[in-house]
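Quick look at structure32.txt (compact mmCIF, C-alpha atoms):
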# COMPACT_ATOMS: atom_id res chain seq x y z
CA MET A 48 -95.51 26.95 27.73
CA ARG A 49 -92.91 25.67 30.16
CA LYS A 50 -94.81 22.39 30.56
CA PHE A 51 -94.34 21.92 26.84
CA PHE A 52 -90.58 22.33 27.18
CA VAL A 53 -90.41 19.99 30.18
CA THR A 54 -92.40 17.35 28.29
CA PHE A 55 -90.31 17.88 25.14
CA PHE A 56 -87.11 17.51 27.16
CA LEU A 57 -88.38 14.31 28.78
CA VAL A 58 -89.40 12.86 25.41
CA ILE A 59 -86.00 13.57 23.88
CA VAL A 60 -84.10 12.15 26.86
CA ALA A 61 -86.33 9.05 27.00
CA TYR A 62 -86.01 8.53 23.24
CA VAL A 63 -82.23 8.75 23.35
CA LEU A 64 -82.06 6.40 26.34
CA GLN A 65 -84.48 3.90 24.84
CA THR A 66 -82.70 3.74 21.51
CA THR A 67 -79.11 3.76 22.78
CA ALA A 68 -78.61 2.75 26.43
CA LEU A 69 -81.56 0.51 27.29
CA PRO A 70 -80.88 -2.15 24.65
CA SER A 71 -77.63 -2.87 26.49
CA ILE A 72 -79.39 -3.53 29.83
CA THR A 73 -82.07 -5.87 28.59
CA ILE A 74 -83.21 -8.84 30.61
CA ALA A 75 -84.11 -11.81 28.40
CA ASP A 76 -84.12 -9.47 25.39
CA ILE A 77 -86.78 -7.28 27.02
CA ALA A 78 -86.22 -3.56 27.63
CA PRO A 79 -88.50 -1.18 29.51
CA ASN A 80 -90.62 1.14 27.42
CA LEU A 81 -89.63 4.62 28.63
CA LEU A 82 -91.55 6.38 25.89
CA LEU A 83 -94.74 4.66 26.96
CA ILE A 84 -94.12 5.83 30.52
CA ILE A 85 -93.60 9.42 29.36
CA SER A 86 -96.72 9.46 27.19
CA ALA A 87 -98.91 7.84 29.85
CA TYR A 88 -97.66 10.16 32.58
CA ALA A 89 -98.05 13.20 30.31
CA GLY A 90 -101.69 12.29 29.88
CA TYR A 91 -102.16 11.47 33.55
CA ILE A 92 -100.44 14.56 34.93
CA ASN A 93 -101.45 17.14 32.29
CA GLY A 94 -104.76 15.87 30.91
CA ARG A 95 -106.15 14.32 27.74
CA THR A 96 -105.14 17.02 25.27
CA VAL A 97 -101.50 17.13 26.30
CA GLY A 98 -101.46 13.34 26.44
CA LEU A 99 -102.95 13.13 22.97
CA PHE A 100 -100.29 15.35 21.42
CA THR A 101 -97.46 13.81 23.43
CA GLY A 102 -98.49 10.27 22.52
CA PHE A 103 -98.89 11.20 18.86
CA SER A 104 -95.45 12.86 18.76
CA ILE A 105 -93.75 9.93 20.45
CA GLY A 106 -95.51 7.43 18.21
CA LEU A 107 -94.65 9.35 15.06
CA LEU A 108 -91.03 9.55 16.17
CA LEU A 109 -90.99 5.76 16.61
CA ASP A 110 -92.82 5.23 13.31
CA CYS A 111 -90.15 7.18 11.46
CA GLN A 112 -87.38 5.05 12.90
CA PHE A 113 -88.81 1.59 13.54
CA GLY A 114 -92.30 1.33 12.10
CA SER A 115 -93.17 -0.71 9.06
CA ILE A 116 -96.57 0.98 8.87
CA LEU A 117 -96.45 4.76 9.19
CA GLY A 118 -98.85 5.90 11.87
CA LEU A 119 -99.28 2.61 13.72
CA TYR A 120 -97.20 3.55 16.76
CA ALA A 121 -98.59 7.09 16.60
CA LEU A 122 -102.08 5.66 16.89
CA ILE A 123 -101.16 3.27 19.72
CA TYR A 124 -99.27 5.84 21.81
CA MET A 125 -101.89 8.52 21.16
CA LEU A 126 -104.70 6.20 22.26
CA ILE A 127 -102.87 5.13 25.42
CA ALA A 128 -101.92 8.69 26.42
CA TYR A 129 -105.44 9.93 25.73
CA LEU A 130 -106.97 7.18 27.86
CA CYS A 131 -104.53 7.97 30.67
CA GLY A 132 -105.68 11.58 30.47
CA PHE A 133 -109.08 10.55 31.80
CA PHE A 134 -107.43 9.90 35.17
CA HIS A 135 -106.18 13.49 35.35
CA LYS A 136 -109.29 14.46 37.33
CA ILE A 137 -108.30 12.13 40.16
CA TYR A 138 -104.60 13.06 40.03
CA PHE A 139 -102.85 13.40 43.39
CA ARG A 140 -99.13 14.09 43.63
CA GLU A 141 -98.61 11.99 46.73
CA ASP A 142 -100.41 8.92 45.39
CA SER A 143 -98.06 6.67 43.46
CA THR A 144 -100.18 3.53 43.31
CA LEU A 145 -102.61 4.77 40.65
CA PRO A 146 -99.82 5.84 38.25
CA ILE A 147 -98.13 2.45 38.65
CA ILE A 148 -101.41 0.68 37.88
CA ILE A 149 -101.96 2.98 34.90
CA ILE A 150 -98.51 2.15 33.54
CA GLY A 151 -99.12 -1.59 33.99
CA VAL A 152 -102.45 -1.46 32.17
CA SER A 153 -101.00 0.86 29.49
CA ASP A 154 -98.09 -1.45 28.81
CA PHE A 155 -100.41 -4.46 28.64
CA LEU A 156 -102.65 -2.57 26.20
CA TYR A 157 -99.59 -1.55 24.19
CA GLY A 158 -98.40 -5.16 23.97
CA LEU A 159 -101.87 -6.36 23.04
CA LEU A 160 -102.29 -3.76 20.29
CA GLU A 161 -98.82 -4.41 18.97
CA TYR A 162 -99.59 -8.13 18.87
CA ILE A 163 -102.85 -7.54 17.03
CA PHE A 164 -101.42 -5.20 14.41
CA ASN A 165 -98.01 -6.78 13.90
CA PHE A 166 -98.71 -10.50 14.37
CA ALA A 167 -102.38 -11.43 14.36
CA PHE A 168 -103.05 -9.70 11.04
CA ARG A 169 -100.21 -11.77 9.55
CA ASN A 170 -101.81 -15.00 10.80
CA LYS A 171 -99.25 -15.57 13.58
CA LEU A 172 -101.69 -16.57 16.29
CA GLU A 173 -99.45 -17.73 19.14
CA PHE A 174 -100.83 -15.28 21.69
CA GLY A 175 -99.96 -17.40 24.74
CA PHE A 176 -96.30 -17.47 23.75
CA TYR A 177 -96.28 -13.73 23.02
CA LEU A 178 -98.04 -12.97 26.31
CA LYS A 179 -95.67 -15.10 28.39
CA ARG A 180 -92.43 -14.17 26.65
CA ILE A 181 -92.92 -10.50 25.72
CA ILE A 182 -95.98 -8.72 27.13
CA LEU A 183 -95.77 -9.72 30.81
CA PRO A 184 -91.97 -9.41 31.23
CA GLU A 185 -91.96 -6.02 29.50
CA MET A 186 -94.87 -4.90 31.66
CA ILE A 187 -93.04 -5.82 34.88
CA TYR A 188 -89.79 -4.23 33.73
CA THR A 189 -91.60 -1.05 32.64
CA ILE A 190 -93.43 -0.83 35.97
CA ILE A 191 -90.12 -0.99 37.83
CA PHE A 192 -88.69 1.84 35.73
CA SER A 193 -91.90 3.85 36.02
CA ILE A 194 -91.56 4.09 39.80
CA ILE A 195 -88.28 5.94 39.38
CA LEU A 196 -89.37 8.00 36.38
CA TYR A 197 -92.61 9.13 38.05
CA ARG A 198 -90.66 10.78 40.87
CA ILE A 199 -88.38 12.51 38.37
CA MET A 200 -91.32 13.80 36.34
CA LEU A 201 -93.08 15.06 39.47
CA TYR A 202 -89.94 16.90 40.50
CA LEU A 203 -89.53 18.51 37.08
CA TYR A 204 -93.17 19.57 36.83
CA LYS A 205 -93.18 20.83 40.42
CA HIS A 206 -89.99 22.80 39.78
CA GLU A 207 -91.59 24.25 36.65
CA ILE A 208 -94.66 25.32 38.65
CA ASN A 209 -92.46 26.92 41.31
CA ILE A 210 -90.69 28.94 38.59
CA LEU A 211 -94.04 30.18 37.32
CA LYS A 212 -95.18 31.15 40.84
CA HIS A 213 -91.90 32.96 41.46
CA LYS A 214 -92.22 34.81 38.15
CA LYS A 215 -95.78 35.88 39.02
CA GLU A 216 -94.63 37.13 42.44
CA VAL A 217 -91.86 39.16 40.82
CA ASP A 218 -94.28 40.58 38.25
CA ASP A 219 -96.75 41.50 41.00
CA PHE A 220 -93.99 43.12 43.04
CA VAL A 221 -92.81 45.27 40.13
Spit out the file's structure as structure tokens when you get a sec.
Amino acid sequence: MRKFFVTFFLVIVAYVLQTTALPSITIADIAPNLLLIISAYAGYINGRTVGLFTGFSIGLLLDCQFGSILGLYALIYMLIAYLCGFFHKIYFREDSTLPIIIIGVSDFLYGLLEYIFNFAFRNKLEFGFYLKRIILPEMIYTIIFSIILYRIMLYLYKHEINILKHKKEVDDFV
């Protein structure tokens, strides 16, 4: 239950940061995608089911505010978080290279799906321009932010686990 609250807290903080503070620190009109990082890490750290619900919630939140098609971002974020959940079986706390690679691939997949649904279906077929100007710079910027955010998420989840262990020890003592 506490993992739910930690994930909920991270989603709210990332949403507020992404919609208010991050647009002011853009580089070439590109901002990192914190919500993608949260959904991918939720799937990677907690498994497919938690990733599925986290990605769906984040996507639905974005659909309500920014989406022109209700459910599009929910589908994209849910798919990415669910796919990241497959790597939960090989999850190691100390290893930070796999999560960085997962975020890079997830952001590339996000950019590709967004291009397909928002541009290619409207007959705007300049994929090379979109790849060079939006997908790759956002992917690099998101990877840089994910290094920092991964350590914060590990700390919060580890702290949450320590609270549960301490509570169990107290219950066993009493």
| request: Take the point (-99.4, 2.9, 33.5) as written in the file and pick out every residue within 10 Å of it, counting all atoms listed in the file; give the list as number ranges by chain. | output: A: 83-88, 91, 127-128, 131, 144-156, 186, 189-190, 193
Take the residues from that selection and write them out as a short mmCIF file (atom, residue, chain, number, x, y, z; two decimals), keeping the file's coordinate frame, keeping C-alpha atoms.
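Written output follows (out_3.cif):
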data_model
loop_
_atom_site.label_atom_id
_atom_site.label_comp_id
_atom_site.auth_asym_id
_atom_site.auth_seq_id
_atom_site.Cartn_x
_atom_site.Cartn_y
_atom_site.Cartn_z
CA LEU A 83 -94.74 4.66 26.96
CA ILE A 84 -94.12 5.83 30.52
CA ILE A 85 -93.60 9.42 29.36
CA SER A 86 -96.72 9.46 27.19
CA ALA A 87 -98.91 7.84 29.85
CA TYR A 88 -97.66 10.16 32.58
CA TYR A 91 -102.16 11.47 33.55
CA ILE A 127 -102.87 5.13 25.42
CA ALA A 128 -101.92 8.69 26.42
CA CYS A 131 -104.53 7.97 30.67
CA THR A 144 -100.18 3.53 43.31
CA LEU A 145 -102.61 4.77 40.65
CA PRO A 146 -99.82 5.84 38.25
CA ILE A 147 -98.13 2.45 38.65
CA ILE A 148 -101.41 0.68 37.88
CA ILE A 149 -101.96 2.98 34.90
CA ILE A 150 -98.51 2.15 33.54
CA GLY A 151 -99.12 -1.59 33.99
CA VAL A 152 -102.45 -1.46 32.17
CA SER A 153 -101.00 0.86 29.49
CA ASP A 154 -98.09 -1.45 28.81
CA PHE A 155 -100.41 -4.46 28.64
CA LEU A 156 -102.65 -2.57 26.20
CA MET A 186 -94.87 -4.90 31.66
CA THR A 189 -91.60 -1.05 32.64
CA ILE A 190 -93.43 -0.83 35.97
CA SER A 193 -91.90 3.85 36.02
#
*Go ahead and compute the interatomic distance for atom CA of Gly106 of chain A and atom CA of Leu82 of chain A, in Å to one decimal.*
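According to the coordinates, atom CA of Gly106 of chain A and atom CA of Leu82 of chain A are separated by 8.7 Å.
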Exercise. For segment 51-57 of chain A, list every protein, DNA or RNA residue within 12 Å, evaluated using all atoms listed in the file, and leave out those in the same chain fewer than 2 positions away; present the list as number ranges by chain.
Key: A: 48-49, 59-65, 81-90, 92-93, 96-98, 100-102, 104-105, 196-197, 199-208
>> One number please: atom CA of Leu119 of chain A to atom CA of Leu159 of chain A, in Å, one decimal.
In response: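 Result for atom CA of Leu119 of chain A versus atom CA of Leu159 of chain A: 13.2 Å, one decimal.
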Atom pair atom CA of Phe133 of chain A + atom CA of Gly94 of chain A, distance 6.9 Å
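Minimum atom-to-atom distances from A:Ala167, A:Leu122, A:Ala75, A:Cys111 to Glu185 of chain A were compared using only C-alpha atoms, and the lowest value belongs to A:Ala75.
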Using all atoms listed in the file, the residue out of A:Asp142, A:Arg180, A:Leu107, A:Ser115 with shortest distance to Ile194 of chain A is A:Asp142
| request: Choose the residue, out of A:Pro79, A:Gly175, A:Arg95, A:Tyr188, that has the smallest atom-to-atom separation from Phe134 of chain A; count all atoms listed in the file. | output: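 That would be A:Arg95, the residue with the smallest distance to Phe134 of chain A.
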Find the residues near Leu172 of chain A: any atom within 10 Å, counting only C-alpha atoms, skip ones fewer than 6 places away on the same chain, and give them as a VMD selection string.
chain A and resid 162 to 163 166
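Distances here use all atoms listed in the file; by that measure, the residue among A:Tyr124, A:Gly114, A:Phe176, A:Ile182 closest to Ala78 of chain A is A:Ile182.
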